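Chemist: Take a look at the following structure, please.
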Amino acid sequence: MDYKKLADLLFPNVENIEYYLKKYPKREKKEGEEILRFAPSPTGFIHMGSLFAAFVPEIFSHQTGGKFILRIEDTDQKREIENGIENIIRDLKNYKFIIDESPMNKGKYAPYIQTQRKDIYLSFAKYIVSKGRAYPCFCSEEEIQNMRSIQQQKKDRIGYYGQYAKCRNLTYEEIESKINNGEKFVIRLKSQGDFNKKIIFNDLVKGKMEFPENDIDHILLKSDGLPPYAFAHVVDDHLMDITTITRADEYVSSIPYHLEIWQAFEFPVPRYAHIAPLTKKEGTTIRKLSKRKDPEAAVSYYSELGIPVDAVRLYLATLLNSDFEMWYMQNPDKTIKDFEFKFNKMSVGGSLFDLDKLINISKVYFSKKKAEDIYKETLEYTSEYDKDFYEIVKNNKDKLISFLNIERNIPRPRKDISCYSDVKKETSYLFKELFTEYQIEKKPFYDANILEDYFTNYYNVNDTKEIWFSKIKELCPKYGYASETKDYKQSPEKYKGSVSDICEIIRVAMTGRTMTPDLYEILKLFTNDQIKDRIKMFNEYLTK
RNA sequence: GGCCUGUUGGUGAAAUGGUUAACACAUCGCCCUCUCAAGGCGACAUUCACGGGUUCAAAUCCCGUACAGGUCACCA
């Protein structure tokens, strides 16, 4: 068969492959520079899994001084959703991804949206047909279904291959007449593989793997003229000069097939890094984190909660290489950029997405921040997600900063804030509008008289901390409490309680909770009127 | 079912043939401090899914079993 003639018959008005090879020349790269890409489908919002999938190539490209590219894989037009592309770009920007080339920020290798590259795929398909490595197939869906059920009955391997590949042996004349009849066709790879032979493949993450060769005549071009993933990625990644392909490890099993496409073009094969999915534990089973089933998979979950972008990025970094965490503890002044990530340190199985861990990372992150910055960012956060609290934040700058500064600028700061919405939770008792009732269990020793006595006869805002505390101790014996915790511990029968219980009464009365930052500092944030008000409230609460 | 990949404590995870199996989170206990936290110290895998084998030496290599995940589309 004259394959050249066949190619012209199938693709009469299509550019030569040389045209595109020239139009998109190899990049001028420095030694070691890597070009990586994130290639999502525009099927909705970005979730944690895709954020991680984007994080990996961004890190590995930029840490070599290379480029990070966003390419949109929208060849399946059935799955497309409105604003899909815009949402992806917005989410990536929010998460501080630096995208060197994308549909918005065009580079030399545009277009970056696959449906806009249709002519390119056609050209490459024509080329591969002209080389005799691909052929048109006119089988209908029914015929393929039939083939499959026969294969199932006979317990044969499923697929279009070998003797099942009917259209493989069509003559030029047969093809020509079908085309003249207007029959629809797809282009299939004419596989040269042998299922009984093995190929060895080296993956950057998973290491050496062995597979049977591909012998299935997979589809390279669908009847709508658009390629499925496999063919598109080879054409695009070659033309865009991608040096390392990162993708989800669900593609592992199609490696032999993808390799055969590269080989058919005689293009050098880039490195591949197959990334295990983020997983979630549900009962005893572990499954892929799902954007449909898991609310915590959506990035909006974190922005609504107010988990800072940088904290999420730190978590992604520890998910990438778990030794990052230790390194970062030892090098608190460095950033993600300073760490050398390695593919072979990535998890081969799957990384469990652990919300507790993220929250912990976020707490540590907050504990290192300046109070002024937290205030500023809380203002931004509340302006979007909590309008009511926004007004309070805006009008109480000094108070909030003073609060945030309690036990902050010390070697081991407090870790009670994990997200911007916690600021409200942690400070609500400072504001009359938010503190409307006590929601804490009454304990027998709670006593409004002690409270009133303390504030009328002992408390003075201007006291130093030492004096402040000695005054509380002074008050203790009057009500049968031990001034020293040690004394109480030694002979508890002699006392009603200790100074810590007195502190608890004051703390609970003022804040409605047993755990707050340093009580001395907290009290300073209350005005006299507020104190009086709380004493009254506390009294009512106890008598109720 | 075929093919591929995993399986280390309550959890995540490190150790890529060689001392008592890192570290972090969680939990519990003790200590410290002028209150709450934080912090310090300690406990938490006589053992790396199970069974064999190779080796002076195995969580690490090989074989088998079990379990789990992935894949077998004109989806990516």
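Identifiers in this document derive from the order of the structure tokens: chains are assigned A, B, ..., residues are numbered from 1 separately in each chain, and ligands are numbered from 1 in order of occurrence.
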Output the contact residues of chain A with respect to chain B at a cut-off of 6 Å, based on only C-alpha atoms (C1' of nucleotides), as a count of residues only.
Modeler: 10
Chemist: Based on DSSP run over this structure's backbone, return all residues of stretch 460-513 of chain A in strand (DSSP E or B), as a list in words.
Modeler: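 The strand (DSSP E or B) subset of stretch 460-513 of chain A is Tyr481, Ala482, Gly497 and Ser498 of chain A.
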Chemist: What does the structure give for the distance between atom CA of A:Asn181 and atom CA of A:Glu141, in Å to one decimal?
Modeler: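 So the two atoms, atom CA of A:Asn181 and atom CA of A:Glu141, lie 18.2 Å apart.
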Chemist: Can you tell me, as a short mmCIF file (atom, residue, chain, number, x, y, z; two decimals) with C-alpha atoms (C1' of nucleotides), in the first residue's frame, what residues are no more than 8 Å from stretch 186-203 of chain A when counting only C-alpha atoms (C1' of nucleotides), ignoring any on the same chain fewer than 4 positions away?
Modeler:
```
data_model
loop_
_atom_site.label_atom_id
_atom_site.label_comp_id
_atom_site.auth_asym_id
_atom_site.auth_seq_id
_atom_site.Cartn_x
_atom_site.Cartn_y
_atom_site.Cartn_z
CA ALA A 125 -1.91 12.12 12.28
CA GLY A 132 2.42 3.30 7.63
CA ARG A 133 2.09 3.35 11.41
CA ALA A 134 -1.59 4.25 11.54
CA TYR A 135 -4.71 3.54 9.53
CA PRO A 136 -8.34 4.54 9.27
CA CYS A 137 -10.94 2.40 11.00
CA PHE A 138 -14.59 2.45 10.01
CA TYR A 161 -5.73 -5.87 18.16
CA ARG A 168 -6.11 -2.96 9.56
CA GLY A 207 11.46 3.35 39.55
CA LYS A 208 11.89 0.40 37.22
CA MET A 209 8.75 -1.23 35.93
CA GLU A 210 8.16 -4.06 33.51
CA PHE A 211 5.23 -4.32 31.13
CA PRO A 212 4.13 -6.43 28.23
CA GLU A 213 4.46 -4.56 24.96
CA ASN A 214 1.40 -2.82 23.64
CA ASP A 215 -0.31 -4.60 20.78
CA ILE A 216 -3.60 -2.74 20.78
CA ASP A 217 -4.49 -0.48 17.89
CA HIS A 218 -5.63 2.42 20.06
CA ILE A 219 -7.41 5.40 18.60
CA LEU A 220 -5.21 8.36 17.72
CA LEU A 221 -7.89 10.55 16.24
CA LYS A 222 -11.55 10.41 17.11
CA SER A 223 -14.23 10.73 14.45
CA GLY A 225 -11.02 14.88 14.33
CA PRO A 256 3.52 0.74 26.76
CA GLU A 260 4.83 3.15 21.10
CA ILE A 261 3.46 6.48 19.90
CA ARG A 271 11.14 11.56 31.41
CA TYR A 272 7.93 10.53 33.10
CA ALA A 273 6.99 10.96 36.74
CA HIS A 274 3.81 9.18 37.74
"C1'" C B 74 -14.01 7.68 20.03
#
```
Chemist: Using DSSP on the backbone coordinates, identify all residues within stretch 367-520 of chain A classified as helix (DSSP H, G or I); present the result as a PyMOL selection string.
Modeler: chain A and resi 367+371-385+387-395+397-405+420-430+448-457+465-475+477-479+485-490+492-494+499-511+519-520
Chemist: Could you name the residues that touch B:C61 at 12 Å or less, counting only C-alpha atoms (C1' of nucleotides), but leaving out those on the same chain fewer than 3 positions away, as a list in words?
Modeler: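 These residues fall inside the cut-off: U16, G17, G53, U54, U55 and A58 of chain B.
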Chemist: Dump N, CA and C atoms (P, O5', C5', C4', C3', O3' and C1' of nucleotides) for the selected residues as an mmCIF file, in the first residue's frame?
Modeler:
```cif
data_model
loop_
_atom_site.group_PDB
_atom_site.id
_atom_site.type_symbol
_atom_site.label_atom_id
_atom_site.label_comp_id
_atom_site.auth_asym_id
_atom_site.auth_seq_id
_atom_site.Cartn_x
_atom_site.Cartn_y
_atom_site.Cartn_z
ATOM 1 P P U B 16 18.715 4.169 53.145
ATOM 2 O "O5'" U B 16 17.708 3.003 52.732
ATOM 3 C "C5'" U B 16 18.188 1.738 52.504
ATOM 4 C "C4'" U B 16 17.930 1.366 51.085
ATOM 5 C "C3'" U B 16 19.192 1.322 50.221
ATOM 6 O "O3'" U B 16 19.827 0.072 50.490
ATOM 7 C "C1'" U B 16 17.471 2.382 49.018
ATOM 8 P P G B 17 20.784 -0.710 49.657
ATOM 9 O "O5'" G B 17 21.040 -1.927 50.649
ATOM 10 C "C5'" G B 17 20.098 -2.214 51.722
ATOM 11 C "C4'" G B 17 20.850 -3.003 52.716
ATOM 12 C "C3'" G B 17 22.347 -2.778 52.686
ATOM 13 O "O3'" G B 17 22.845 -1.729 53.486
ATOM 14 C "C1'" G B 17 21.778 -5.099 52.906
ATOM 15 P P G B 53 13.302 -21.444 54.736
ATOM 16 O "O5'" G B 53 14.128 -20.867 53.504
ATOM 17 C "C5'" G B 53 14.273 -21.683 52.334
ATOM 18 C "C4'" G B 53 14.643 -20.826 51.158
ATOM 19 C "C3'" G B 53 15.985 -20.108 51.280
ATOM 20 O "O3'" G B 53 17.062 -20.969 51.023
ATOM 21 C "C1'" G B 53 14.356 -18.637 50.385
ATOM 22 P P U B 54 18.476 -20.712 51.684
ATOM 23 O "O5'" U B 54 18.969 -19.440 50.860
ATOM 24 C "C5'" U B 54 19.311 -19.541 49.489
ATOM 25 C "C4'" U B 54 19.826 -18.213 48.989
ATOM 26 C "C3'" U B 54 20.948 -17.606 49.828
ATOM 27 O "O3'" U B 54 22.208 -18.171 49.489
ATOM 28 C "C1'" U B 54 19.322 -15.953 49.382
ATOM 29 P P U B 55 23.171 -18.650 50.648
ATOM 30 O "O5'" U B 55 23.635 -17.277 51.298
ATOM 31 C "C5'" U B 55 24.345 -16.317 50.525
ATOM 32 C "C4'" U B 55 24.490 -15.054 51.322
ATOM 33 C "C3'" U B 55 25.026 -15.253 52.726
ATOM 34 O "O3'" U B 55 26.443 -15.363 52.728
ATOM 35 C "C1'" U B 55 23.155 -13.792 52.787
ATOM 36 P P A B 58 19.227 -11.308 58.351
ATOM 37 O "O5'" A B 58 18.498 -9.929 58.691
ATOM 38 C "C5'" A B 58 18.954 -8.644 58.264
ATOM 39 C "C4'" A B 58 17.837 -7.973 57.477
ATOM 40 C "C3'" A B 58 16.514 -8.699 57.650
ATOM 41 O "O3'" A B 58 15.521 -7.863 58.175
ATOM 42 C "C1'" A B 58 17.116 -8.475 55.328
#
```
Chemist: Would you list the contacts of A:Phe11 as a list in words, taking every protein, DNA or RNA residue within 10 Å and counting only C-alpha atoms (C1' of nucleotides), but skipping same-chain residues closer than 2 positions in sequence?
Modeler: Lys5, Leu6, Ala7, Asp8, Leu9, Asn13, Val14, Glu15, Leu122, Ser123, Ala125, Lys126, Tyr127 and Val129 of chain A
Chemist: Have a look at atom CA of A:Ile242 and atom CA of A:Ile98 and let me know their distance in Å, one decimal.
Modeler: 16.9 Å
Chemist: Would you kindly return, as a PyMOL selection string, each protein, DNA or RNA residue with an atom no farther than 9 Å from any atom of stretch 465-471 of chain A, considering only C-alpha atoms (C1' of nucleotides) and excluding same-chain residues fewer than 2 positions away?
Modeler: (chain A and resi 454+458-463+473-476+483+520-521) or (chain B and resi 34-35)
Chemist: Counting only C-alpha atoms, which residue out of A:Met510, A:Val235, A:Leu320, A:Ile502 sits closest to A:Tyr20?
Modeler: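 Under the stated criterion, the closest residue is A:Val235.
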